[in-house]
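Here the structure is laid out as structure tokens; the discussion comes afterwards.
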Amino acid sequence: RSYQYVTIMNGFDYGLYYSGSSEGSIRNCNFIDDNIAVKLLDQSDVTIKNTNFINNEQYGVAIISEIPTCNISYCNGWNNGEETYMENCPGWGNIWTPLEPSPGTGNIFQNPDYIDLDQLDFNYFIDSPCIDSGDPDLTDPDGSRSEIGANYYFSAIAGDCNHDDQVNIVDIVGVIN
């Protein structure tokens with residue numbers, strides 16, 4: 001199962017759960033205030049890209065056993081209770097070890113700078129580290145590099161009709177014509 005541009009909040013046990021021989025992808029999503037945002041078991045194979053894991057009680061991603069495959073790139077983990085990415089192998093008891101996404105995959109661990117998380121406004125302030133930090137091979141509707149998270153940051157200036165990053169007479173002439 002695949003998910004794109006969704007926010008999953010307040011999951012009692014987890015936000016999403018993959019088990020059995022499941023496959024899926026999670027792209028440009030937000031997981032906020034879940035216990036465990038994404039839980040993987042069995043032979044699950046999941047790709048996670050451009051996704052925020054914010055304020056989850058325990059973990060952003062929890063892999064249980066050595067069998068699941070999880071590729072995590074261009075994601076942001078911030079303020080998760082114990083760790084953002086963890087693995088627990090059966091036979092080890094309740095021993096969890098940090099799971100390190102591959103180096104160079106664009107993962108960050110910074111406050112996403114949402115406008116107002118308490119009011120469910122997941123848009124970003126202009127200095128958010130998530131803006132234009134997603135996979136460089138993916139673009140937003142405004143043509144810029146993709147964001148990390150479920151919302152994209154529209155960088156156009158109000159009144160800039162010809163998209164030259166200036167508001168001037170040329171914009172008025174373009175509207176009149």
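Each chain in the structure tokens gets a letter, A, B, ..., in the order shown, and its residues are numbered from 1; ligands are numbered from 1 in order too.
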
Using only C-alpha atoms, determine which residues lie at most 10 Å from Lys49 (chain A), disregarding the query and same-chain residues fewer than 3 positions distant; provide the list as number ranges by chain. A: 4, 25-29, 46, 52, 71-76, 105-107, 134-135, 148-149

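Residue neighbourhood of Gln58 (chain A), excluding near-sequence residues (fewer than 2 positions): Asp34, Asn35, Ile36, Ala37, Asn55, Asn56, Gly60, Ala62, Asn80, Gly81, Glu82, Glu83 and Thr84 of chain A, at 9 Å, using only C-alpha atoms.
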
Long-range neighbours of region 63-70 of chain A as a ChimeraX atom specification, 9 Å cut-off, only C-alpha atoms, 3 positions minimum in chain: /A:19,38-48,85-90,99,101

Output file for the selection above: N, CA, C and O atoms, as a CSV table (one decimal), in the first residue's frame:
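Output (result19.csv):
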```
chain,number,residue,atom,x,y,z
A,19,SER,N,3.0,-5.7,7.4
A,19,SER,CA,3.4,-7.0,7.9
A,19,SER,C,3.1,-8.0,6.7
A,19,SER,O,2.6,-7.7,5.7
A,38,VAL,N,5.7,4.4,11.9
A,38,VAL,CA,5.6,3.3,11.0
A,38,VAL,C,6.2,2.1,11.6
A,38,VAL,O,7.4,2.1,12.0
A,39,LYS,N,5.5,1.0,11.6
A,39,LYS,CA,6.0,-0.3,12.1
A,39,LYS,C,6.1,-1.3,11.0
A,39,LYS,O,5.1,-1.5,10.2
A,40,LEU,N,7.2,-2.0,10.9
A,40,LEU,CA,7.4,-3.0,9.8
A,40,LEU,C,7.8,-4.4,10.5
A,40,LEU,O,8.6,-4.4,11.4
A,41,LEU,N,7.1,-5.4,10.0
A,41,LEU,CA,7.3,-6.8,10.4
A,41,LEU,C,7.5,-7.7,9.2
A,41,LEU,O,7.2,-7.3,8.0
A,42,ASP,N,7.8,-8.9,9.4
A,42,ASP,CA,7.8,-10.0,8.4
A,42,ASP,C,8.6,-9.7,7.2
A,42,ASP,O,9.8,-9.2,7.3
A,43,GLN,N,8.1,-9.9,6.0
A,43,GLN,CA,8.8,-9.7,4.8
A,43,GLN,C,8.4,-8.4,4.1
A,43,GLN,O,8.4,-8.2,2.9
A,44,SER,N,8.0,-7.4,4.9
A,44,SER,CA,7.6,-6.1,4.3
A,44,SER,C,8.8,-5.4,3.7
A,44,SER,O,9.9,-5.5,4.1
A,45,ASP,N,8.4,-4.7,2.6
A,45,ASP,CA,9.4,-3.9,1.8
A,45,ASP,C,8.9,-2.6,1.6
A,45,ASP,O,7.9,-2.4,0.8
A,46,VAL,N,9.4,-1.6,2.2
A,46,VAL,CA,8.8,-0.2,2.2
A,46,VAL,C,9.9,0.8,1.9
A,46,VAL,O,11.0,0.8,2.4
A,47,THR,N,9.5,1.8,1.0
A,47,THR,CA,10.4,2.9,0.7
A,47,THR,C,9.7,4.1,1.3
A,47,THR,O,8.6,4.4,1.1
A,48,ILE,N,10.5,4.9,2.1
A,48,ILE,CA,10.0,6.1,2.7
A,48,ILE,C,10.9,7.3,2.2
A,48,ILE,O,12.1,7.2,2.3
A,85,TYR,N,14.7,6.2,14.2
A,85,TYR,CA,14.7,5.0,13.5
A,85,TYR,C,15.3,3.9,14.4
A,85,TYR,O,16.4,4.0,14.8
A,86,MET,N,14.5,2.8,14.7
A,86,MET,CA,15.0,1.8,15.5
A,86,MET,C,14.7,0.4,15.0
A,86,MET,O,13.7,0.2,14.2
A,87,GLU,N,15.4,-0.6,15.4
A,87,GLU,CA,15.2,-2.0,15.0
A,87,GLU,C,15.2,-2.9,16.3
A,87,GLU,O,16.0,-2.7,17.2
A,88,ASN,N,14.3,-3.9,16.3
A,88,ASN,CA,14.3,-4.9,17.4
A,88,ASN,C,14.3,-6.2,16.7
A,88,ASN,O,13.4,-6.6,16.0
A,89,CYS,N,15.3,-7.0,17.0
A,89,CYS,CA,15.4,-8.4,16.4
A,89,CYS,C,14.9,-9.4,17.4
A,89,CYS,O,15.3,-9.4,18.6
A,90,PRO,N,13.9,-10.2,17.1
A,90,PRO,CA,13.4,-11.3,18.0
A,90,PRO,C,14.5,-12.1,18.5
A,90,PRO,O,15.5,-12.4,17.8
A,99,LEU,N,18.7,2.3,14.1
A,99,LEU,CA,18.8,2.0,12.7
A,99,LEU,C,19.3,3.2,12.0
A,99,LEU,O,18.6,4.3,12.1
A,101,PRO,N,19.9,5.2,8.7
A,101,PRO,CA,19.7,5.2,7.3
A,101,PRO,C,21.0,5.4,6.6
A,101,PRO,O,21.9,6.0,7.1
```

Enumerate as a ChimeraX atom specification all residues of chain A assigned to helix (DSSP H, G or I) by DSSP on the backbone, naming them with the chain letters and numbers the document uses. /A:117-119,169-176

Take the residues from that selection and put them in a file with all heavy atoms, as a compact mmCIF listing (two decimals), in the first residue's frame.
```txt
# COMPACT_ATOMS: atom_id res chain seq x y z
N LEU A 117 1.54 23.98 14.73
CA LEU A 117 1.25 22.56 14.90
C LEU A 117 0.00 22.35 15.76
O LEU A 117 -0.82 21.47 15.46
CB LEU A 117 2.45 21.86 15.52
CG LEU A 117 2.39 20.35 15.67
CD1 LEU A 117 2.20 19.68 14.32
CD2 LEU A 117 3.67 19.84 16.33
N ASP A 118 -0.20 23.16 16.80
CA ASP A 118 -1.36 23.00 17.67
C ASP A 118 -2.68 23.24 16.94
O ASP A 118 -3.70 22.67 17.29
CB ASP A 118 -1.26 23.95 18.88
CG ASP A 118 -0.12 23.57 19.81
OD1 ASP A 118 0.25 22.38 19.84
OD2 ASP A 118 0.40 24.48 20.48
N GLN A 119 -2.65 24.10 15.92
CA GLN A 119 -3.86 24.39 15.14
C GLN A 119 -3.89 23.60 13.83
O GLN A 119 -4.66 23.92 12.93
CB GLN A 119 -3.96 25.89 14.86
CG GLN A 119 -4.14 26.73 16.10
CD GLN A 119 -5.41 26.39 16.84
OE1 GLN A 119 -6.48 26.27 16.24
NE2 GLN A 119 -5.31 26.19 18.15
N ILE A 169 6.02 46.95 -13.04
CA ILE A 169 5.12 47.32 -14.11
C ILE A 169 4.95 46.21 -15.14
O ILE A 169 3.90 46.07 -15.76
CB ILE A 169 5.56 48.64 -14.79
CG1 ILE A 169 4.48 49.21 -15.68
CG2 ILE A 169 6.86 48.46 -15.54
CD1 ILE A 169 3.29 49.73 -14.96
N VAL A 170 5.97 45.40 -15.34
CA VAL A 170 5.90 44.30 -16.29
C VAL A 170 4.76 43.33 -15.92
O VAL A 170 4.08 42.79 -16.78
CB VAL A 170 7.25 43.57 -16.41
CG1 VAL A 170 7.18 42.38 -17.34
CG2 VAL A 170 8.35 44.54 -16.85
N ASP A 171 4.55 43.14 -14.62
CA ASP A 171 3.46 42.27 -14.18
C ASP A 171 2.11 42.86 -14.52
O ASP A 171 1.20 42.14 -14.97
CB ASP A 171 3.55 42.04 -12.66
CG ASP A 171 4.84 41.33 -12.27
OD1 ASP A 171 5.03 40.20 -12.77
OD2 ASP A 171 5.62 41.89 -11.50
N ILE A 172 1.96 44.18 -14.36
CA ILE A 172 0.69 44.84 -14.68
C ILE A 172 0.42 44.76 -16.19
O ILE A 172 -0.68 44.47 -16.61
CB ILE A 172 0.71 46.31 -14.19
CG1 ILE A 172 0.83 46.33 -12.66
CG2 ILE A 172 -0.53 47.05 -14.66
CD1 ILE A 172 1.10 47.68 -12.07
N VAL A 173 1.43 45.03 -16.99
CA VAL A 173 1.28 44.96 -18.45
C VAL A 173 0.89 43.56 -18.85
O VAL A 173 0.01 43.37 -19.70
CB VAL A 173 2.59 45.41 -19.15
CG1 VAL A 173 2.52 45.14 -20.63
CG2 VAL A 173 2.87 46.88 -18.86
N GLY A 174 1.47 42.55 -18.24
CA GLY A 174 1.12 41.16 -18.56
C GLY A 174 -0.33 40.86 -18.25
O GLY A 174 -1.01 40.17 -19.03
N VAL A 175 -0.83 41.37 -17.16
CA VAL A 175 -2.23 41.14 -16.78
C VAL A 175 -3.16 41.87 -17.76
O VAL A 175 -4.17 41.31 -18.20
CB VAL A 175 -2.50 41.59 -15.33
CG1 VAL A 175 -3.99 41.58 -15.03
CG2 VAL A 175 -1.75 40.71 -14.35
N ILE A 176 -2.82 43.10 -18.11
CA ILE A 176 -3.65 43.88 -19.03
C ILE A 176 -3.71 43.23 -20.40
O ILE A 176 -4.75 43.15 -21.04
CB ILE A 176 -3.16 45.33 -19.13
CG1 ILE A 176 -3.37 46.03 -17.80
CG2 ILE A 176 -3.84 46.07 -20.26
CD1 ILE A 176 -2.74 47.40 -17.70
```

note - CA of Ala150 (chain A) and CA of Ile8 (chain A) are separated by 10.1 Å

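Using only C-alpha atoms, the nearest neighbour of Glu147 (chain A) within the list A:Trp96, A:Tyr124, A:Phe31, A:Phe109 is A:Tyr124.
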
Might you pull out every residue within 9 Å of Ile115 (chain A), with only C-alpha atoms counted and same-chain residues fewer than 6 positions away left off, and present them as a PyMOL selection string? chain A and resi 121-125

Go ahead and save the picked residues with all heavy atoms, as a CSV table (one decimal), in the first residue's frame.
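The new file part_14.csv reads:
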```csv
chain,number,residue,atom,x,y,z
A,121,ASP,N,-1.8,23.5,11.4
A,121,ASP,CA,-1.3,24.2,10.2
A,121,ASP,C,0.1,23.7,9.9
A,121,ASP,O,1.1,24.1,10.6
A,121,ASP,CB,-1.3,25.7,10.5
A,121,ASP,CG,-0.9,26.5,9.2
A,121,ASP,OD1,-0.4,25.9,8.2
A,121,ASP,OD2,-1.1,27.8,9.3
A,122,PHE,N,0.2,22.8,9.0
A,122,PHE,CA,1.5,22.2,8.7
A,122,PHE,C,2.3,22.9,7.6
A,122,PHE,O,3.2,22.3,7.0
A,122,PHE,CB,1.3,20.7,8.3
A,122,PHE,CG,0.5,19.9,9.3
A,122,PHE,CD1,-0.8,19.4,9.0
A,122,PHE,CD2,1.0,19.8,10.6
A,122,PHE,CE1,-1.5,18.7,9.9
A,122,PHE,CE2,0.2,19.1,11.5
A,122,PHE,CZ,-1.0,18.6,11.2
A,123,ASN,N,1.9,24.1,7.2
A,123,ASN,CA,2.7,24.9,6.3
A,123,ASN,C,3.9,25.3,7.0
A,123,ASN,O,4.0,25.3,8.3
A,123,ASN,CB,1.8,26.1,5.8
A,123,ASN,CG,0.7,25.7,5.0
A,123,ASN,OD1,0.9,25.1,3.9
A,123,ASN,ND2,-0.5,25.9,5.4
A,124,TYR,N,4.9,25.7,6.3
A,124,TYR,CA,6.2,26.0,6.8
A,124,TYR,C,6.5,27.5,6.9
A,124,TYR,O,6.1,28.3,6.0
A,124,TYR,CB,7.3,25.4,5.9
A,124,TYR,CG,7.3,23.9,5.9
A,124,TYR,CD1,7.1,23.3,4.7
A,124,TYR,CD2,7.5,23.2,7.0
A,124,TYR,CE1,7.1,21.9,4.6
A,124,TYR,CE2,7.4,21.8,6.9
A,124,TYR,CZ,7.2,21.2,5.7
A,124,TYR,OH,7.2,19.8,5.6
A,125,PHE,N,7.2,28.0,7.9
A,125,PHE,CA,7.8,29.3,7.9
A,125,PHE,C,8.9,29.3,6.9
A,125,PHE,O,9.4,28.3,6.5
A,125,PHE,CB,8.4,29.6,9.3
A,125,PHE,CG,7.4,30.0,10.3
A,125,PHE,CD1,7.1,29.2,11.4
A,125,PHE,CD2,6.7,31.2,10.2
A,125,PHE,CE1,6.2,29.5,12.4
A,125,PHE,CE2,5.8,31.6,11.2
A,125,PHE,CZ,5.5,30.7,12.3
```

Could you pull out the strand (DSSP E or B) residues of region 12-95 of chain A from DSSP and send them as a PyMOL selection string? chain A and resi 14-18+23-27+30-32+36-40+45-49+52-54+59-64+69-73+76-78+85-88

To one decimal in Å, tell me the separation between CA of Asn111 (chain A) and CA of Phe53 (chain A). 10.2 Å

In Å and to one decimal, CA of Asp33 (chain A) is distant from CA of Gly11 (chain A) by 7.2 Å

Counting only C-alpha atoms, what is within 7 Å of Asp142 (chain A), bar same-chain residues fewer than 2 positions away, as a count of residues only? 3
